[in-house]
>>> print(open('structure_39.pdb').read())   # PDB, C-alpha atoms
ATOM      1  CA  MET L   1      27.665  17.990 -12.083
ATOM      2  CA  ALA L   2      26.973  20.757  -9.569
ATOM      3  CA  GLY L   3      27.598  19.732  -5.986
ATOM      4  CA  ASN L   4      24.131  20.747  -4.819
ATOM      5  CA  ASN L   5      22.699  18.084  -7.148
ATOM      6  CA  ARG L   6      24.721  15.273  -5.551
ATOM      7  CA  TYR L   7      23.263  13.203  -2.714
ATOM      8  CA  ASP L   8      24.123  10.243  -0.578
ATOM      9  CA  VAL L   9      20.598   8.915  -1.067
ATOM     10  CA  ILE L  10      17.646   9.864  -3.231
ATOM     11  CA  ILE L  11      14.318   8.512  -1.996
ATOM     12  CA  VAL L  12      11.588   8.286  -4.619
ATOM     13  CA  GLY L  13       8.281   8.515  -2.771
ATOM     14  CA  GLY L  14       7.612  10.734   0.236
ATOM     15  CA  SER L  15       4.911   8.886   2.116
ATOM     16  CA  TYR L  16       5.345   6.762   5.262
ATOM     17  CA  ALA L  17       8.120   4.395   4.151
ATOM     18  CA  GLY L  18      10.086   7.135   2.406
ATOM     19  CA  LEU L  19       9.806   9.549   5.321
ATOM     20  CA  SER L  20      10.766   6.869   7.831
ATOM     21  CA  ALA L  21      13.871   5.993   5.840
ATOM     22  CA  ALA L  22      14.737   9.679   5.501
ATOM     23  CA  MET L  23      14.613  10.130   9.263
ATOM     24  CA  SER L  24      17.017   7.225   9.837
ATOM     25  CA  LEU L  25      19.379   8.645   7.230
ATOM     26  CA  GLY L  26      19.064  12.249   8.401
ATOM     27  CA  ARG L  27      19.960  11.192  11.909
ATOM     28  CA  SER L  28      23.054   9.550  10.397
ATOM     29  CA  LEU L  29      24.043  12.882   8.766
ATOM     30  CA  ARG L  30      23.407  11.619   5.242
ATOM     31  CA  LYS L  31      22.514  14.103   2.511
ATOM     32  CA  VAL L  32      19.087  12.947   1.390
ATOM     33  CA  LEU L  33      16.593  14.142  -1.195
ATOM     34  CA  ILE L  34      13.001  12.923  -1.194
ATOM     35  CA  ILE L  35      11.138  13.268  -4.493
ATOM     36  CA  ASP L  36       7.381  13.020  -4.031
ATOM     37  CA  SER L  37       4.471  13.319  -6.465
ATOM     38  CA  GLY L  38       1.967  14.012  -3.673
ATOM     39  CA  LEU L  39      -0.471  11.248  -4.636
ATOM     40  CA  PRO L  40      -0.472   8.573  -1.900
ATOM     41  CA  CYS L  41      -2.717   5.576  -2.523
ATOM     42  CA  ASN L  42      -4.667   6.151   0.717
ATOM     43  CA  ARG L  43      -5.529   9.790  -0.012
ATOM     44  CA  GLN L  44      -9.261   8.900  -0.137
ATOM     45  CA  THR L  45      -9.203   7.012   3.179
ATOM     46  CA  PRO L  46     -10.842   9.069   5.964
ATOM     47  CA  HIS L  47      -8.960   7.584   8.936
ATOM     48  CA  SER L  48      -5.912   5.411   9.608
ATOM     49  CA  HIS L  49      -6.041   2.706  12.265
ATOM     50  CA  ASN L  50      -3.959   0.008  13.958
ATOM     51  CA  PHE L  51      -0.892   2.244  14.368
ATOM     52  CA  ILE L  52      -0.283   3.050  18.030
ATOM     53  CA  THR L  53      -0.043   6.770  18.893
ATOM     54  CA  HIS L  54      -1.793   7.598  15.597
ATOM     55  CA  ASP L  55      -4.947   5.478  15.755
ATOM     56  CA  GLY L  56      -7.882   7.281  14.148
ATOM     57  CA  GLU L  57      -5.896  10.135  12.612
ATOM     58  CA  THR L  58      -6.252  11.005   8.945
ATOM     59  CA  PRO L  59      -3.522   9.636   6.659
ATOM     60  CA  LYS L  60      -2.661  13.212   5.677
ATOM     61  CA  ALA L  61      -2.240  14.324   9.301
ATOM     62  CA  ILE L  62       0.203  11.475   9.961
ATOM     63  CA  ALA L  63       2.183  12.258   6.807
ATOM     64  CA  ASP L  64       2.224  16.016   7.490
ATOM     65  CA  LYS L  65       3.561  15.499  11.005
ATOM     66  CA  ALA L  66       6.174  13.045   9.761
ATOM     67  CA  ARG L  67       7.293  15.464   7.048
ATOM     68  CA  GLU L  68       7.623  18.293   9.581
ATOM     69  CA  GLN L  69       9.754  16.137  11.870
ATOM     70  CA  VAL L  70      11.950  14.760   9.077
ATOM     71  CA  LEU L  71      12.707  18.230   7.700
ATOM     72  CA  LYS L  72      14.147  19.287  11.062
ATOM     73  CA  TYR L  73      17.244  17.324  10.038
ATOM     74  CA  ALA L  74      19.340  19.769   8.052
ATOM     75  CA  THR L  75      20.691  17.211   5.570
ATOM     76  CA  VAL L  76      17.217  16.111   4.406
ATOM     77  CA  SER L  77      15.185  17.958   1.772
ATOM     78  CA  ILE L  78      11.967  17.278  -0.119
ATOM     79  CA  GLN L  79      11.197  18.172  -3.712
ATOM     80  CA  SER L  80       7.809  17.919  -5.409
ATOM     81  CA  GLY L  81       8.042  16.124  -8.705
ATOM     82  CA  LEU L  82       8.077  12.856 -10.567
ATOM     83  CA  ALA L  83      11.104  10.648 -11.189
ATOM     84  CA  VAL L  84      10.996   9.267 -14.735
ATOM     85  CA  SER L  85      14.267   7.356 -15.224
ATOM     86  CA  ALA L  86      17.518   6.335 -13.581
ATOM     87  CA  THR L  87      20.882   5.212 -14.941
ATOM     88  CA  LYS L  88      23.738   3.368 -13.261
ATOM     89  CA  VAL L  89      26.965   5.413 -13.401
ATOM     90  CA  GLU L  90      30.474   4.942 -12.015
ATOM     91  CA  ASN L  91      29.857   6.245  -8.493
ATOM     92  CA  GLY L  92      26.170   5.521  -8.110
ATOM     93  CA  PHE L  93      23.175   6.626 -10.141
ATOM     94  CA  GLU L  94      21.811   9.537 -12.112
ATOM     95  CA  LEU L  95      18.095  10.122 -11.744
ATOM     96  CA  THR L  96      16.048  12.264 -14.118
ATOM     97  CA  THR L  97      12.808  14.005 -13.148
ATOM     98  CA  ALA L  98       9.839  14.955 -15.320
ATOM     99  CA  ASP L  99      11.015  18.573 -15.477
ATOM    100  CA  GLY L 100      14.382  17.509 -16.910
ATOM    101  CA  ALA L 101      16.532  17.815 -13.796
ATOM    102  CA  VAL L 102      19.365  15.275 -13.521
ATOM    103  CA  LEU L 103      20.393  14.367  -9.978
ATOM    104  CA  ALA L 104      23.335  12.267  -8.817
ATOM    105  CA  THR L 105      23.197   9.912  -5.865
ATOM    106  CA  ARG L 106      25.219   7.109  -4.330
ATOM    107  CA  LYS L 107      22.124   5.071  -3.412
ATOM    108  CA  LEU L 108      18.496   4.905  -4.488
ATOM    109  CA  LEU L 109      15.456   3.974  -2.411
ATOM    110  CA  PHE L 110      12.074   3.404  -4.028
ATOM    111  CA  ALA L 111       9.168   3.932  -1.638
ATOM    112  CA  THR L 112       6.712   4.390  -4.471
ATOM    113  CA  GLY L 113       3.849   2.118  -3.438
ATOM    114  CA  VAL L 114       1.526   0.421  -5.884
ATOM    115  CA  LYS L 115      -1.319   1.569  -8.108
ATOM    116  CA  ASP L 116      -4.633  -0.167  -7.453
ATOM    117  CA  LEU L 117      -6.467  -1.093 -10.658
ATOM    118  CA  MET L 118     -10.125  -0.397 -10.078
ATOM    119  CA  PRO L 119     -12.582  -2.912 -11.578
ATOM    120  CA  ALA L 120     -15.050  -1.460 -14.076
ATOM    121  CA  ILE L 121     -17.921  -1.590 -11.599
ATOM    122  CA  PRO L 122     -19.789   1.699 -11.087
ATOM    123  CA  GLY L 123     -19.262   3.082  -7.596
ATOM    124  CA  PHE L 124     -16.305   0.863  -6.684
ATOM    125  CA  ALA L 125     -13.642   3.557  -7.110
ATOM    126  CA  GLU L 126     -15.729   6.164  -5.278
ATOM    127  CA  CYS L 127     -16.084   3.845  -2.258
ATOM    128  CA  TRP L 128     -12.504   2.533  -2.334
ATOM    129  CA  GLY L 129     -10.702   3.155   0.951
ATOM    130  CA  ILE L 130     -13.914   4.402   2.596
ATOM    131  CA  THR L 131     -16.427   1.542   2.713
ATOM    132  CA  VAL L 132     -14.911  -0.722   0.068
ATOM    133  CA  ILE L 133     -11.887  -1.757   2.097
ATOM    134  CA  HIS L 134      -8.886  -4.050   1.818
ATOM    135  CA  CYS L 135      -7.714  -4.786   5.369
ATOM    136  CA  PRO L 136      -9.649  -5.939   8.448
ATOM    137  CA  TYR L 137      -6.831  -4.775  10.720
ATOM    138  CA  CYS L 138      -6.916  -1.258   9.257
ATOM    139  CA  HIS L 139     -10.689  -0.856   8.889
ATOM    140  CA  GLY L 140     -12.563  -3.887  10.235
ATOM    141  CA  TYR L 141     -13.264  -2.662  13.764
ATOM    142  CA  GLU L 142     -15.131   0.376  12.424
ATOM    143  CA  VAL L 143     -17.646  -1.869  10.601
ATOM    144  CA  LYS L 144     -17.829  -4.665  13.192
ATOM    145  CA  GLN L 145     -21.209  -6.414  13.467
ATOM    146  CA  GLU L 146     -22.414  -4.579  10.352
ATOM    147  CA  ARG L 147     -23.871  -6.176   7.238
ATOM    148  CA  THR L 148     -20.680  -6.884   5.306
ATOM    149  CA  GLY L 149     -19.640  -8.370   1.983
ATOM    150  CA  ILE L 150     -16.462  -9.843   0.544
ATOM    151  CA  MET L 151     -15.795  -9.598  -3.198
ATOM    152  CA  SER L 152     -13.531 -12.550  -3.876
ATOM    153  CA  ASN L 153     -13.520 -16.194  -4.936
ATOM    154  CA  GLY L 154     -11.784 -19.526  -4.449
ATOM    155  CA  ASP L 155      -9.116 -20.005  -1.798
ATOM    156  CA  ILE L 156      -8.623 -16.267  -1.214
ATOM    157  CA  GLY L 157     -12.348 -15.726  -0.764
ATOM    158  CA  PHE L 158     -12.547 -18.642   1.656
ATOM    159  CA  GLU L 159      -9.608 -17.457   3.769
ATOM    160  CA  PHE L 160     -10.945 -13.906   3.769
ATOM    161  CA  SER L 161     -14.345 -15.200   4.911
ATOM    162  CA  LYS L 162     -12.777 -17.031   7.859
ATOM    163  CA  LEU L 163     -10.990 -13.850   8.914
ATOM    164  CA  ILE L 164     -13.942 -11.464   8.589
ATOM    165  CA  ASN L 165     -16.358 -13.911  10.252
ATOM    166  CA  ASN L 166     -14.696 -12.974  13.541
ATOM    167  CA  LEU L 167     -15.847  -9.357  13.092
ATOM    168  CA  THR L 168     -19.430  -9.846  11.934
ATOM    169  CA  LYS L 169     -21.950 -12.636  11.600
ATOM    170  CA  GLU L 170     -23.842 -10.787   8.833
ATOM    171  CA  LEU L 171     -21.414 -11.802   6.123
ATOM    172  CA  THR L 172     -21.853 -12.600   2.410
ATOM    173  CA  LEU L 173     -19.204 -13.767  -0.046
ATOM    174  CA  PHE L 174     -19.742 -12.320  -3.547
ATOM    175  CA  THR L 175     -17.822 -14.430  -6.069
ATOM    176  CA  ASN L 176     -18.882 -12.045  -8.886
ATOM    177  CA  GLY L 177     -19.386 -14.990 -11.232
ATOM    178  CA  LYS L 178     -19.249 -18.755 -10.985
ATOM    179  CA  SER L 179     -17.846 -19.927  -7.664
ATOM    180  CA  THR L 180     -14.494 -21.694  -7.657
ATOM    181  CA  LEU L 181     -14.857 -22.779  -4.031
ATOM    182  CA  SER L 182     -14.287 -26.441  -3.304
ATOM    183  CA  LEU L 183     -17.173 -28.519  -1.964
ATOM    184  CA  GLU L 184     -15.454 -28.666   1.434
ATOM    185  CA  GLN L 185     -15.087 -24.873   1.498
ATOM    186  CA  GLN L 186     -18.742 -24.377   0.554
ATOM    187  CA  GLU L 187     -19.855 -26.689   3.345
ATOM    188  CA  LYS L 188     -17.655 -24.877   5.862
ATOM    189  CA  LEU L 189     -19.064 -21.484   4.845
ATOM    190  CA  GLN L 190     -22.594 -22.825   5.050
ATOM    191  CA  LYS L 191     -21.885 -24.186   8.529
ATOM    192  CA  HIS L 192     -20.954 -20.655   9.632
ATOM    193  CA  ASN L 193     -23.978 -19.084   7.906
ATOM    194  CA  ILE L 194     -21.848 -17.253   5.348
ATOM    195  CA  ALA L 195     -23.920 -16.890   2.190
ATOM    196  CA  VAL L 196     -22.305 -17.209  -1.242
ATOM    197  CA  VAL L 197     -23.676 -15.084  -4.102
ATOM    198  CA  GLU L 198     -22.469 -15.990  -7.594
ATOM    199  CA  THR L 199     -24.497 -13.358  -9.490
ATOM    200  CA  GLU L 200     -22.214 -10.746 -11.049
ATOM    201  CA  ILE L 201     -22.093  -7.320  -9.434
ATOM    202  CA  ALA L 202     -23.592  -4.469 -11.483
ATOM    203  CA  GLY L 203     -22.649  -1.578  -9.199
ATOM    204  CA  PHE L 204     -22.216  -0.080  -5.747
ATOM    205  CA  GLU L 205     -24.921   2.324  -4.648
ATOM    206  CA  HIS L 206     -23.429   4.832  -2.233
ATOM    207  CA  ARG L 207     -23.632   8.313  -0.798
ATOM    208  CA  ASN L 208     -20.269  10.130  -0.908
ATOM    209  CA  GLY L 209     -18.420   6.823  -0.681
ATOM    210  CA  GLN L 210     -20.647   5.415   2.062
ATOM    211  CA  LEU L 211     -21.911   2.115   0.691
ATOM    212  CA  GLU L 212     -25.669   1.569   0.899
ATOM    213  CA  GLN L 213     -26.277  -1.475  -1.265
ATOM    214  CA  VAL L 214     -24.748  -3.726  -3.882
ATOM    215  CA  LEU L 215     -26.631  -3.945  -7.178
ATOM    216  CA  LEU L 216     -26.568  -7.303  -8.944
ATOM    217  CA  LYS L 217     -26.933  -8.020 -12.650
ATOM    218  CA  ASP L 218     -30.123 -10.013 -12.116
ATOM    219  CA  GLY L 219     -31.797  -6.779 -10.990
ATOM    220  CA  SER L 220     -31.709  -7.536  -7.284
ATOM    221  CA  ALA L 221     -29.943  -5.506  -4.598
ATOM    222  CA  MET L 222     -28.430  -6.319  -1.216
ATOM    223  CA  PRO L 223     -28.022  -3.680   1.520
ATOM    224  CA  LEU L 224     -24.434  -3.519   2.825
ATOM    225  CA  LYS L 225     -22.392  -1.233   5.052
ATOM    226  CA  ALA L 226     -18.968  -2.438   3.885
ATOM    227  CA  MET L 227     -17.355  -4.595   1.222
ATOM    228  CA  TYR L 228     -13.894  -6.128   1.438
ATOM    229  CA  ALA L 229     -12.035  -6.405  -1.855
ATOM    230  CA  LYS L 230      -8.509  -6.936  -3.142
ATOM    231  CA  PRO L 231      -8.276  -5.366  -6.607
ATOM    232  CA  SER L 232      -5.325  -6.149  -8.810
ATOM    233  CA  PHE L 233      -2.416  -3.709  -8.845
ATOM    234  CA  GLU L 234       0.704  -2.665 -10.683
ATOM    235  CA  GLN L 235       3.907  -1.043  -9.538
ATOM    236  CA  HIS L 236       3.396   2.709  -9.317
ATOM    237  CA  CYS L 237       6.937   3.293 -10.604
ATOM    238  CA  ASP L 238       8.672   1.201 -13.272
ATOM    239  CA  ILE L 239      12.188   2.570 -12.728
ATOM    240  CA  PRO L 240      13.275  -0.376 -10.519
ATOM    241  CA  VAL L 241      12.321  -2.786 -13.302
ATOM    242  CA  GLN L 242      14.151  -0.583 -15.836
ATOM    243  CA  LEU L 243      17.237  -0.939 -13.636
ATOM    244  CA  GLY L 244      16.852  -4.725 -13.646
ATOM    245  CA  CYS L 245      15.315  -5.456 -10.264
ATOM    246  CA  ALA L 246      13.408  -8.691  -9.758
ATOM    247  CA  LEU L 247       9.695  -8.892  -8.961
ATOM    248  CA  THR L 248       8.011 -11.625  -6.977
ATOM    249  CA  GLU L 249       5.403 -13.904  -8.503
ATOM    250  CA  GLN L 250       2.722 -11.609  -7.060
ATOM    251  CA  GLY L 251       4.267  -8.492  -8.639
ATOM    252  CA  TYR L 252       6.034  -6.972  -5.618
ATOM    253  CA  ILE L 253       9.658  -5.799  -5.652
ATOM    254  CA  ALA L 254      11.758  -8.600  -4.197
ATOM    255  CA  VAL L 255      13.745  -7.361  -1.180
ATOM    256  CA  ASP L 256      15.650  -8.772   1.756
ATOM    257  CA  MET L 257      15.063  -7.778   5.396
ATOM    258  CA  LEU L 258      16.962  -4.487   4.925
ATOM    259  CA  GLY L 259      15.144  -3.553   1.729
ATOM    260  CA  ARG L 260      17.962  -4.467  -0.662
ATOM    261  CA  ILE L 261      16.867  -5.539  -4.120
ATOM    262  CA  SER L 262      18.694  -7.509  -6.797
ATOM    263  CA  VAL L 263      20.475  -4.416  -8.190
ATOM    264  CA  PRO L 264      23.424  -3.286  -6.003
ATOM    265  CA  GLY L 265      22.879   0.143  -4.469
ATOM    266  CA  VAL L 266      19.114   0.097  -4.959
ATOM    267  CA  TYR L 267      16.590  -0.423  -2.166
ATOM    268  CA  ALA L 268      12.798  -0.521  -1.854
ATOM    269  CA  ALA L 269      10.382  -0.255   1.065
ATOM    270  CA  GLY L 270       6.673   0.007   1.728
ATOM    271  CA  ASP L 271       3.640  -1.179  -0.202
ATOM    272  CA  ASN L 272       5.647  -1.861  -3.359
ATOM    273  CA  THR L 273       7.381  -4.733  -1.540
ATOM    274  CA  ALA L 274       4.732  -6.409   0.623
ATOM    275  CA  MET L 275       1.221  -7.842   0.510
ATOM    276  CA  MET L 276       0.373  -6.521   3.991
ATOM    277  CA  ARG L 277      -0.457  -2.865   3.408
ATOM    278  CA  ALA L 278      -0.518  -0.793   6.575
ATOM    279  CA  VAL L 279       0.977   2.520   7.674
ATOM    280  CA  SER L 280       2.795   0.895  10.592
ATOM    281  CA  LEU L 281       4.415  -1.720   8.358
ATOM    282  CA  ALA L 282       5.460   0.899   5.794
ATOM    283  CA  VAL L 283       7.102   2.927   8.571
ATOM    284  CA  ALA L 284       8.902  -0.176   9.837
ATOM    285  CA  GLY L 285      10.100  -1.120   6.349
ATOM    286  CA  GLY L 286      11.352   2.385   5.698
ATOM    287  CA  GLY L 287      13.281   2.431   8.960
ATOM    288  CA  MET L 288      14.965  -0.873   8.131
ATOM    289  CA  ALA L 289      15.861   0.302   4.626
ATOM    290  CA  GLY L 290      17.329   3.542   5.983
ATOM    291  CA  ALA L 291      19.516   1.576   8.375
ATOM    292  CA  GLY L 292      20.538  -0.820   5.610
ATOM    293  CA  ILE L 293      21.527   1.992   3.276
ATOM    294  CA  ASN L 294      23.529   3.775   5.973
ATOM    295  CA  LYS L 295      25.371   0.553   6.818
ATOM    296  CA  GLU L 296      26.286   0.097   3.158
ATOM    297  CA  LEU L 297      27.572   3.681   2.936
ATOM    298  CA  VAL L 298      29.620   3.153   6.090
ATOM    299  CA  GLU L 299      31.178  -0.057   4.746
ATOM    300  CA  GLU L 300      32.128   1.679   1.504
ATOM    301  CA  SER L 301      33.884   4.607   3.160
ATOM    302  CA  PHE L 302      35.429   3.172   6.328
TER     303      PHE L 302
END
>>> encode(input="structure_39.pdb", output="structure tokens")
Amino acid sequence: MAGNNRYDVIIVGGSYAGLSAAMSLGRSLRKVLIIDSGLPCNRQTPHSHNFITHDGETPKAIADKAREQVLKYATVSIQSGLAVSATKVENGFELTTADGAVLATRKLLFATGVKDLMPAIPGFAECWGITVIHCPYCHGYEVKQERTGIMSNGDIGFEFSKLINNLTKELTLFTNGKSTLSLEQQEKLQKHNIAVVETEIAGFEHRNGQLEQVLLKDGSAMPLKAMYAKPSFEQHCDIPVQLGCALTEQGYIAVDMLGRISVPGVYAAGDNTAMMRAVSLAVAGGGMAGAGINKELVEESF
């Protein structure tokens, strides 16, 4: 195989975790290729928060600046495209892209994130990441003291209600069907004036993603400024599973502190590995994985 198609590390996914890992590796003089499809999960989100030095910037601005800084390291390059398969070979891996290119690498890092599965509720997808939000640390301050909803049920809905109650006292829990809250949980919510609505949601009325009210299937409507929700998800890339990596019970790629997975030579970092989804945590995970990969390369060659 041609030498220019051989790398120390190929990183699949060029968002925050992938770019952070690439910087660690570039500063260690590793030849790195980032393959990125250009479709980050937060592309609809207007502003990123809770990341010092970048608070309030757009996700794209943060990624663009990171990409510019990473590409200053001569051994790092980025290629637009989609990785479709990978095979274990004698000295590492061969990765194939959608356009048929076959690339050789000693190590693989998957920073591919997850794909959110939007519920079939009109308006949900259009508001997702704008006023239908997943994280109080990322978005909660911007809707503090506003009329707010939570679309959840049972233990998760109860825990979410406790957390959001600190940000607003105008809070309603929408179970979107029969409540599975325990009697004790219901009494605790009632004590804190958190209403529980069991009527199924018919739709989200909005203006360009700005939520105005939630429409219920009984014909009623409730004005809201924001709705917290945790839709189900799937791994955005199935190559790690093809290679034999293990997933957690929740569906995340199982990794250790340095991002190593159950397949030797393969790493993962970012939203595909952790329930807490935040730019700062993705950057931290990518940095740890980059250091872990470099250490492994050092041990193999020293």
>>> residues_around(input="structure_39.pdb", residues="L:Val214", least_positions_apart="5", cutoff="9 Å", atoms="all atoms listed in the file", output="list in words")
Ile201, Ala202, Gly203, Phe204, Glu205, His206, Ser220, Ala221, Met222, Pro223 and Leu224 of chain L
>>> closest_residue(input="structure_39.pdb", among="L:Thr105, L:Thr248, L:Asn176, L:Asn153", to="L:Val266", atoms="all atoms listed in the file")
L:Thr105
>>> closest_atom_pairs(input="structure_39.pdb", of="stretch 185-241 of chain L", to="stretch 84-92 of chain L", cutoff="12 Å", atoms="only C-alpha atoms", output="JSON lines")
{"residue": "L:His236", "atom": "CA", "partner": "L:Val84", "partner_atom": "CA", "distance": 11.4}
{"residue": "L:Cys237", "atom": "CA", "partner": "L:Val84", "partner_atom": "CA", "distance": 8.3}
{"residue": "L:Asp238", "atom": "CA", "partner": "L:Val84", "partner_atom": "CA", "distance": 8.5}
{"residue": "L:Ile239", "atom": "CA", "partner": "L:Ser85", "partner_atom": "CA", "distance": 5.8}
{"residue": "L:Pro240", "atom": "CA", "partner": "L:Ala86", "partner_atom": "CA", "distance": 8.5}
{"residue": "L:Val241", "atom": "CA", "partner": "L:Ala86", "partner_atom": "CA", "distance": 10.5}
>>> residues_around(input="structure_39.pdb", residues="L:Thr58", least_positions_apart="4", cutoff="9 Å", atoms="all atoms listed in the file", output="PyMOL selection string")
chain L and resi 45-49+54+62-63
>>> atom_distance(input="structure_39.pdb", atom1="atom CA of L:Gly14", atom2="atom CA of L:Ser280")
15.1 Å
>>> resolve_selection(input="structure_39.pdb", expression="the PyMOL selection byres ((chain L and resi 110) around 8)", output="MDAnalysis selection string")
chainID L and resid 11:13 18 108:109 111:112 240 266:269
>>> atom_distance(input="structure_39.pdb", atom1="atom CA of L:Thr148", atom2="atom CA of L:Lys115")
25.0 Å
>>> atom_distance(input="structure_39.pdb", atom1="atom CA of L:Ala195", atom2="atom CA of L:Ile121")
21.5 Å
>>> residues_around(input="structure_39.pdb", residues="L:Ala74", least_positions_apart="4", cutoff="10 Å", atoms="all atoms listed in the file", output="list of chain:residue names")
L:Gly26, L:Arg27, L:Leu29, L:Arg30, L:Lys31, L:Val32, L:Val70
>>> residues_near_point(input="structure_39.pdb", point="(-1.0, -5.4, -5.4)", cutoff="12 Å", atoms="all atoms listed in the file", output="PyMOL selection string")
chain L and resi 41+113-118+134+229-236+247-253+270-277
>>> resolve_selection(input="structure_39.pdb", expression="the PyMOL selection byres ((chain L and resi 137) around 9)", output="ChimeraX atom specification")
/L:49-50,135-136,138-141,278
>>> write_last_selection(input="structure_39.pdb", atoms="C-alpha atoms", output="tab-separated table (two decimals), in the frame of the given file")
chain	number	residue	atom	x	y	z
L	49	HIS	CA	-6.04	2.71	12.26
L	50	ASN	CA	-3.96	0.01	13.96
L	135	CYS	CA	-7.71	-4.79	5.37
L	136	PRO	CA	-9.65	-5.94	8.45
L	138	CYS	CA	-6.92	-1.26	9.26
L	139	HIS	CA	-10.69	-0.86	8.89
L	140	GLY	CA	-12.56	-3.89	10.24
L	141	TYR	CA	-13.26	-2.66	13.76
L	278	ALA	CA	-0.52	-0.79	6.58
>>> resolve_selection(input="structure_39.pdb", expression="the PyMOL selection byres ((chain L and resi 170) around 10)", output="PyMOL selection string")
chain L and resi 144-149+164-165+167-169+171-172+193-195+224
>>> closest_residue(input="structure_39.pdb", among="L:Ile150, L:Val102, L:Lys188, L:Thr96", to="L:Val132", atoms="all atoms listed in the file")
L:Ile150
>>> axis_aligned_box(input="structure_39.pdb", around="stretch 92-103 of chain L", padding_each_side="3 Å", output="lines of an AutoDock Vina configuration file")
center_x = 18.0
center_y = 12.0
center_z = -12.5
size_x = 22.3
size_y = 19.1
size_z = 14.8
>>> closest_residue(input="structure_39.pdb", among="L:Ala98, L:Ser161, L:Ile156, L:Ala125", to="L:Thr180", atoms="all atoms listed in the file")
L:Ile156
>>> closest_residue(input="structure_39.pdb", among="L:Leu25, L:Leu82, L:Val263, L:Val279", to="L:Thr97", atoms="all atoms listed in the file")
L:Leu82
>>> closest_residue(input="structure_39.pdb", among="L:Lys217, L:Gln79, L:Ile130, L:Gly100", to="L:Arg43", atoms="all atoms listed in the file")
L:Ile130
>>> decode(input="structure_39.pdb", residues="stretch 38-54 of chain L", atoms="N, CA and C atoms", output="compact mmCIF listing (two decimals), in the first residue's frame")
# COMPACT_ATOMS: atom_id res chain seq x y z
N GLY L 38 -18.94 15.80 8.55
CA GLY L 38 -19.45 17.17 8.61
C GLY L 38 -20.86 17.30 9.12
N LEU L 39 -21.34 16.32 9.89
CA LEU L 39 -22.71 16.38 10.41
C LEU L 39 -22.74 16.18 11.93
N PRO L 40 -22.24 17.14 12.69
CA PRO L 40 -22.25 16.99 14.16
C PRO L 40 -23.68 17.01 14.68
N CYS L 41 -23.90 16.33 15.81
CA CYS L 41 -25.26 16.23 16.34
C CYS L 41 -25.79 17.56 16.85
N ASN L 42 -24.90 18.51 17.19
CA ASN L 42 -25.37 19.79 17.73
C ASN L 42 -25.40 20.89 16.67
N ARG L 43 -25.47 20.51 15.39
CA ARG L 43 -25.43 21.51 14.33
C ARG L 43 -26.64 22.46 14.35
N GLN L 44 -27.73 22.06 15.01
CA GLN L 44 -28.92 22.91 15.08
C GLN L 44 -28.91 23.80 16.32
N THR L 45 -27.99 23.53 17.24
CA THR L 45 -27.94 24.28 18.51
C THR L 45 -27.35 25.67 18.28
N PRO L 46 -28.06 26.73 18.71
CA PRO L 46 -27.57 28.09 18.41
C PRO L 46 -26.34 28.51 19.19
N HIS L 47 -26.20 28.06 20.45
CA HIS L 47 -25.07 28.48 21.27
C HIS L 47 -24.62 27.34 22.17
N SER L 48 -23.33 27.29 22.45
CA SER L 48 -22.75 26.31 23.37
C SER L 48 -22.41 26.99 24.69
N HIS L 49 -22.69 26.31 25.79
CA HIS L 49 -22.44 26.91 27.10
C HIS L 49 -21.73 25.93 28.03
N ASN L 50 -21.30 26.47 29.17
CA ASN L 50 -20.66 25.70 30.24
C ASN L 50 -19.30 25.13 29.81
N PHE L 51 -18.59 25.87 28.96
CA PHE L 51 -17.24 25.51 28.55
C PHE L 51 -16.41 26.79 28.64
N ILE L 52 -15.61 26.91 29.69
CA ILE L 52 -14.90 28.17 29.93
C ILE L 52 -14.02 28.53 28.73
N THR L 53 -13.95 29.81 28.47
CA THR L 53 -13.30 30.48 27.33
C THR L 53 -14.12 30.41 26.06
N HIS L 54 -15.17 29.59 26.03
CA HIS L 54 -16.01 29.47 24.84
C HIS L 54 -17.50 29.65 25.14
